[in-house]
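Raw input_32.cif, mmCIF, C-alpha atoms:
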```
data_query
loop_
_atom_site.label_atom_id
_atom_site.label_comp_id
_atom_site.auth_asym_id
_atom_site.auth_seq_id
_atom_site.Cartn_x
_atom_site.Cartn_y
_atom_site.Cartn_z
CA GLN A 1 0.00 0.00 0.00
CA LYS A 2 1.38 3.39 -0.99
CA GLU A 3 1.80 5.93 1.81
CA VAL A 4 -0.33 8.51 0.01
CA GLU A 5 -3.04 7.77 -2.54
CA GLN A 6 -4.54 10.43 -4.77
CA ASP A 7 -6.92 9.92 -7.66
CA PRO A 8 -5.08 11.21 -10.76
CA GLY A 9 -8.28 12.19 -12.54
CA PRO A 10 -8.62 13.90 -14.90
CA LEU A 11 -11.48 15.80 -13.33
CA SER A 12 -13.51 18.11 -15.55
CA VAL A 13 -16.15 20.47 -14.12
CA PRO A 14 -18.14 23.47 -15.37
CA GLU A 15 -17.29 26.95 -14.16
CA GLY A 16 -18.92 27.73 -10.83
CA ALA A 17 -18.98 24.12 -9.63
CA ILE A 18 -17.77 22.99 -6.23
CA VAL A 19 -14.70 20.80 -6.61
CA SER A 20 -13.63 18.15 -4.13
CA LEU A 21 -10.10 16.78 -4.26
CA ASN A 22 -9.02 14.00 -1.93
CA CYS A 23 -6.08 12.04 -0.60
CA THR A 24 -5.85 9.07 1.70
CA TYR A 25 -2.79 8.02 3.62
CA SER A 26 -1.61 5.06 5.62
CA ASN A 27 1.04 6.52 7.94
CA SER A 28 -0.65 7.56 11.18
CA ALA A 29 2.46 9.60 12.09
CA PHE A 30 1.61 12.26 9.50
CA GLN A 31 0.74 15.48 11.28
CA TYR A 32 1.20 18.27 8.73
CA PHE A 33 -0.84 18.45 5.57
CA MET A 34 -0.42 20.66 2.54
CA TRP A 35 -2.05 21.26 -0.80
CA TYR A 36 -0.07 22.52 -3.76
CA ARG A 37 -1.31 23.79 -7.11
CA GLN A 38 0.82 23.19 -10.18
CA TYR A 39 0.12 24.81 -13.51
CA SER A 40 1.42 23.10 -16.62
CA ARG A 41 5.21 23.38 -16.94
CA LYS A 42 5.52 25.36 -13.70
CA GLY A 43 6.71 24.57 -10.18
CA PRO A 44 4.13 23.68 -7.51
CA GLU A 45 2.87 26.58 -5.39
CA LEU A 46 1.62 26.20 -1.85
CA LEU A 47 -2.14 26.68 -1.47
CA MET A 48 -3.03 25.50 2.02
CA TYR A 49 -1.22 24.23 5.10
CA THR A 50 -2.94 22.55 8.04
CA TYR A 51 -1.73 20.88 11.19
CA SER A 52 -4.66 19.40 13.03
CA SER A 53 -7.92 17.71 12.18
CA GLY A 54 -10.73 20.01 11.11
CA ASN A 55 -11.28 22.66 8.49
CA LYS A 56 -9.21 25.61 7.35
CA GLU A 57 -10.64 28.18 4.96
CA ASP A 58 -8.86 30.65 2.69
CA GLY A 59 -11.09 32.47 0.25
CA ARG A 60 -12.67 29.96 -2.10
CA PHE A 61 -10.49 27.13 -0.78
CA THR A 62 -11.19 24.90 2.21
CA ALA A 63 -8.80 22.23 3.46
CA GLN A 64 -10.24 19.45 5.58
CA VAL A 65 -8.31 16.88 7.59
CA ASP A 66 -9.79 13.76 9.19
CA LYS A 67 -6.96 12.00 11.01
CA SER A 68 -9.20 9.25 12.32
CA SER A 69 -10.01 8.22 8.74
CA LYS A 70 -6.57 9.20 7.38
CA TYR A 71 -8.30 11.33 4.77
CA ILE A 72 -7.74 14.89 3.60
CA SER A 73 -9.72 17.01 1.19
CA LEU A 74 -9.48 20.28 -0.66
CA PHE A 75 -12.72 22.00 -1.64
CA ILE A 76 -12.85 24.75 -4.24
CA ARG A 77 -16.01 26.85 -4.31
CA ASP A 78 -17.18 28.79 -7.34
CA SER A 79 -14.47 27.19 -9.46
CA GLN A 80 -12.91 29.32 -12.19
CA PRO A 81 -11.09 28.40 -15.42
CA SER A 82 -7.95 29.79 -13.75
CA ASP A 83 -8.22 26.95 -11.21
CA SER A 84 -7.38 24.48 -13.98
CA ALA A 85 -4.17 22.82 -12.80
CA THR A 86 -2.80 19.74 -11.11
CA TYR A 87 -3.38 19.64 -7.36
CA LEU A 88 -0.90 17.79 -5.20
CA CYS A 89 -1.43 16.79 -1.61
CA ALA A 90 1.62 16.52 0.65
CA MET A 91 2.17 15.48 4.22
CA SER A 92 4.90 15.18 6.80
CA ALA A 93 5.50 13.22 9.94
CA ASN A 94 7.87 15.79 11.44
CA SER A 95 10.19 13.14 12.73
CA GLY A 96 12.47 15.60 14.40
CA GLY A 97 15.86 17.00 13.51
CA SER A 98 16.42 19.86 11.15
CA ASN A 99 15.15 18.34 7.93
CA TYR A 100 11.57 17.54 7.12
CA LYS A 101 10.62 15.38 4.19
CA LEU A 102 7.29 15.64 2.49
CA THR A 103 5.42 12.70 1.04
CA PHE A 104 3.44 13.73 -2.03
CA GLY A 105 0.43 12.32 -3.79
CA LYS A 106 0.77 11.96 -7.53
CA GLY A 107 -1.63 14.82 -8.19
CA THR A 108 -5.12 15.28 -9.61
CA LEU A 109 -5.51 17.09 -12.94
CA LEU A 110 -8.45 19.49 -12.78
CA THR A 111 -10.02 21.29 -15.73
CA VAL A 112 -12.67 23.96 -15.18
CA ASN A 113 -14.62 24.62 -18.35
CA PRO A 114 -16.01 28.12 -19.02
CA SER B 1 10.25 38.22 0.57
CA GLN B 2 11.91 35.00 -0.46
CA THR B 3 12.44 33.98 -4.05
CA ILE B 4 13.92 30.89 -5.62
CA HIS B 5 15.56 30.76 -9.02
CA GLN B 6 16.47 27.84 -11.24
CA TRP B 7 18.36 27.75 -14.50
CA PRO B 8 18.31 26.86 -17.19
CA ALA B 9 14.56 26.64 -17.74
CA THR B 10 14.92 24.10 -20.53
CA LEU B 11 17.78 21.85 -21.52
CA VAL B 12 18.30 19.28 -24.25
CA GLN B 13 21.37 17.11 -23.82
CA PRO B 14 22.76 14.02 -25.56
CA VAL B 15 23.20 10.75 -23.71
CA GLY B 16 26.57 10.60 -22.00
CA SER B 17 26.99 14.34 -21.66
CA PRO B 18 27.49 16.10 -18.30
CA LEU B 19 24.83 18.06 -16.47
CA SER B 20 24.78 21.02 -14.14
CA LEU B 21 21.55 22.58 -12.87
CA GLU B 22 21.65 25.49 -10.48
CA CYS B 23 19.25 26.72 -7.83
CA THR B 24 19.58 29.85 -5.71
CA VAL B 25 17.38 31.22 -2.96
CA GLU B 26 17.10 34.87 -1.96
CA GLY B 27 15.67 36.49 1.14
CA THR B 28 16.39 33.82 3.72
CA SER B 29 19.36 32.33 5.54
CA ASN B 30 20.32 28.72 6.21
CA PRO B 31 17.36 27.18 4.38
CA ASN B 32 16.87 23.48 3.89
CA LEU B 33 17.24 22.79 0.17
CA TYR B 34 15.79 19.98 -1.92
CA TRP B 35 16.08 18.56 -5.42
CA TYR B 36 13.09 16.68 -6.86
CA ARG B 37 12.45 15.03 -10.19
CA GLN B 38 8.93 14.89 -11.59
CA ALA B 39 8.26 12.37 -14.32
CA ALA B 40 4.91 11.94 -16.02
CA GLY B 41 2.63 9.68 -14.01
CA ARG B 42 5.20 9.15 -11.28
CA GLY B 43 4.77 12.14 -9.02
CA LEU B 44 7.51 14.02 -7.22
CA GLN B 45 10.61 12.01 -6.38
CA LEU B 46 12.97 13.47 -3.78
CA LEU B 47 16.55 13.14 -5.01
CA PHE B 48 18.67 15.09 -2.51
CA TYR B 49 18.26 17.38 0.44
CA SER B 50 20.66 19.61 2.33
CA VAL B 51 20.46 21.20 5.76
CA GLY B 52 23.64 23.25 5.41
CA ILE B 53 26.73 24.04 3.36
CA GLY B 54 28.47 20.87 2.26
CA GLN B 55 25.79 18.65 3.85
CA ILE B 56 24.02 16.49 1.29
CA SER B 57 21.74 13.52 1.83
CA SER B 58 20.87 11.26 -1.08
CA GLU B 59 17.48 9.62 -1.29
CA VAL B 60 17.83 7.54 -4.42
CA PRO B 61 20.96 5.81 -5.75
CA GLN B 62 21.61 7.04 -9.28
CA ASN B 63 24.15 8.75 -11.49
CA LEU B 64 23.25 12.18 -10.15
CA SER B 65 25.00 14.13 -7.43
CA ALA B 66 24.32 17.36 -5.57
CA SER B 67 26.47 20.01 -3.96
CA ARG B 68 25.88 23.05 -1.80
CA PRO B 69 28.90 25.30 -2.13
CA GLN B 70 27.16 28.32 -0.55
CA ASP B 71 24.34 28.76 1.93
CA ARG B 72 21.72 29.61 -0.69
CA GLN B 73 23.07 27.73 -3.70
CA PHE B 74 22.25 24.15 -4.60
CA ILE B 75 23.64 22.38 -7.66
CA LEU B 76 22.55 19.14 -9.31
CA SER B 77 25.14 17.40 -11.46
CA SER B 78 25.83 14.34 -13.52
CA LYS B 79 29.00 13.18 -15.24
CA LYS B 80 27.14 11.14 -17.87
CA LEU B 81 23.46 11.52 -18.57
CA LEU B 82 21.18 8.57 -19.25
CA LEU B 83 17.94 8.57 -21.22
CA SER B 84 16.12 7.86 -17.97
CA ASP B 85 17.37 11.16 -16.52
CA SER B 86 14.85 13.07 -18.63
CA GLY B 87 12.24 14.86 -16.56
CA PHE B 88 11.23 18.04 -14.81
CA TYR B 89 13.70 18.97 -12.08
CA LEU B 90 12.48 21.08 -9.21
CA CYS B 91 14.42 22.79 -6.48
CA ALA B 92 12.67 23.66 -3.23
CA TRP B 93 13.51 25.34 0.05
CA SER B 94 12.09 25.29 3.55
CA LEU B 95 12.87 26.97 6.84
CA GLY B 96 14.71 24.89 9.38
CA GLY B 97 13.50 24.46 12.92
CA GLY B 98 10.29 22.54 12.50
CA LEU B 99 8.42 24.11 9.60
CA ASP B 100 7.71 21.57 6.89
CA THR B 101 6.31 23.80 4.20
CA GLN B 102 8.42 23.69 1.07
CA TYR B 103 8.50 26.34 -1.62
CA PHE B 104 9.35 25.35 -5.14
CA GLY B 105 11.28 26.99 -7.93
CA PRO B 106 10.07 27.26 -11.53
CA GLY B 107 11.81 24.03 -12.57
CA THR B 108 14.12 22.86 -15.34
CA ARG B 109 12.80 20.63 -18.08
CA LEU B 110 15.56 18.23 -19.13
CA THR B 111 15.36 16.10 -22.24
CA VAL B 112 18.09 13.56 -22.83
CA LEU B 113 18.30 12.34 -26.42
#
```
Please re-express this file's structure in C-alpha cells.
Amino acid sequence: QKEVEQDPGPLSVPEGAIVSLNCTYSNSAFQYFMWYRQYSRKGPELLMYTYSSGNKEDGRFTAQVDKSSKYISLFIRDSQPSDSATYLCAMSANSGGSNYKLTFGKGTLLTVNP
Amino acid sequence: SQTIHQWPATLVQPVGSPLSLECTVEGTSNPNLYWYRQAAGRGLQLLFYSVGIGQISSEVPQNLSASRPQDRQFILSSKKLLLSDSGFYLCAWSLGGGLDTQYFGPGTRLTVL
C-alpha cells in the first residue's frame, strides 16, 4: 500500500462548480498536511497548510483533515477556469531534527470549463 | 520576501553528456534545500536534500549528485546523462526548525536524447 493515494483524474467540471479533491494516507504519524497547485510546466505553489484535524478556509479554498479516517480534502467553491491545474497533496510526519521530508500524492488534474 | 531561481529553464542534452543545474534562494538564511524530479505519471521524487553548506543527503541511488557550495546555492550534477534522466527537475527550500512547508522553484525541463 502506498503511503499517500490520490486519484489522478482527470477531473472536468463546469465553471462555478464545487470541486472536491481527496487524498488518503496510511502513515498515522503524518501530522502536517499541505495542498499545492501546479500549472502546466511550472513549479508547484503552496495553497493551504494545516496541522490538526478540522477545516481551514482561505477564500474559495477549504482544506479538511480527518486524522481518524486518514483522509484529507481540498474543496474549491465557485471554481474558475484559472483553477485548472494539477493539485498535489503533501504530508509530513515531522520526525524531528532539522530536515523535514514531504510525502506527495501523484496529483489530480483538474479542468474547469467556461 | 523569499524567491527561488532555477536555471536553465529548458535543456536538451545528448546521452553521455554532463549536467549542471543550479538553484539559488534569496531572502532567507540557512534554508533546507531539496532537489526533486517529476516524471509523467510518477509524481515528485525526492533526489537530494541539504540542511547546510556541504551537507548532502541522497534519497535515491543514481548517477546524479548534488552540492551546496554556498548557503543559498544548490547544484545538481551528472557526469554522464542517461535517457532515464529526462524529466522536470524542481528545487525547493524550507525553513529549518520545524516548519515543513516547502516552496518550489520554476523548474528545469531536461530532455536527454
Would you list which chain A residues are within 12 Å of chain B using only C-alpha atoms, as a compact mmCIF listing (two decimals) with C-alpha atoms, keeping the file's coordinate frame?
```
# COMPACT_ATOMS: atom_id res chain seq x y z
CA VAL A 4 -0.33 8.51 0.01
CA GLU A 5 -3.04 7.77 -2.54
CA GLN A 6 -4.54 10.43 -4.77
CA ASP A 7 -6.92 9.92 -7.66
CA PRO A 8 -5.08 11.21 -10.76
CA GLY A 9 -8.28 12.19 -12.54
CA PHE A 30 1.61 12.26 9.50
CA GLN A 31 0.74 15.48 11.28
CA TYR A 32 1.20 18.27 8.73
CA PHE A 33 -0.84 18.45 5.57
CA MET A 34 -0.42 20.66 2.54
CA TRP A 35 -2.05 21.26 -0.80
CA TYR A 36 -0.07 22.52 -3.76
CA ARG A 37 -1.31 23.79 -7.11
CA GLN A 38 0.82 23.19 -10.18
CA TYR A 39 0.12 24.81 -13.51
CA SER A 40 1.42 23.10 -16.62
CA ARG A 41 5.21 23.38 -16.94
CA LYS A 42 5.52 25.36 -13.70
CA GLY A 43 6.71 24.57 -10.18
CA PRO A 44 4.13 23.68 -7.51
CA GLU A 45 2.87 26.58 -5.39
CA LEU A 46 1.62 26.20 -1.85
CA LEU A 47 -2.14 26.68 -1.47
CA MET A 48 -3.03 25.50 2.02
CA TYR A 49 -1.22 24.23 5.10
CA THR A 50 -2.94 22.55 8.04
CA TYR A 51 -1.73 20.88 11.19
CA THR A 86 -2.80 19.74 -11.11
CA TYR A 87 -3.38 19.64 -7.36
CA LEU A 88 -0.90 17.79 -5.20
CA CYS A 89 -1.43 16.79 -1.61
CA ALA A 90 1.62 16.52 0.65
CA MET A 91 2.17 15.48 4.22
CA SER A 92 4.90 15.18 6.80
CA ALA A 93 5.50 13.22 9.94
CA ASN A 94 7.87 15.79 11.44
CA SER A 95 10.19 13.14 12.73
CA GLY A 96 12.47 15.60 14.40
CA GLY A 97 15.86 17.00 13.51
CA SER A 98 16.42 19.86 11.15
CA ASN A 99 15.15 18.34 7.93
CA TYR A 100 11.57 17.54 7.12
CA LYS A 101 10.62 15.38 4.19
CA LEU A 102 7.29 15.64 2.49
CA THR A 103 5.42 12.70 1.04
CA PHE A 104 3.44 13.73 -2.03
CA GLY A 105 0.43 12.32 -3.79
CA LYS A 106 0.77 11.96 -7.53
CA GLY A 107 -1.63 14.82 -8.19
CA THR A 108 -5.12 15.28 -9.61
CA LEU A 109 -5.51 17.09 -12.94
```
*Anything within 8 Å of (21.1, 7.6, -19.8): list those residues as a ChimeraX atom specification, counting all atoms listed in the file and sticking to the file's coordinates.*
/B:15-16,80-85,112
*Interatomic distance between CA of Gln13 in chain B and CA of Leu113 in chain B?*
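These two atoms are separated by 6.2 Å.
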*Measure the distance from CA of Thr62 in chain A to CA of Gln2 in chain B in Å and round it to one decimal.*
25.4 Å
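Considering the residues A:Glu3, A:Ile18, A:Asn113, A:Ser52 and counting only C-alpha atoms, Ser79 in chain A has its shortest atom-to-atom contact with A:Ile18.
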*Atomic distance CA of Val60 in chain B - CA of Phe48 in chain B, expressed in Å with one decimal*: 7.8 Å
*Write out as an NGL selection string each polymer residue whose atoms come within 6 Å of Ser84 in chain A, counting all atoms listed in the file; drop sequence neighbours fewer than 3 positions from it.*
:A and (81 or 110-112)
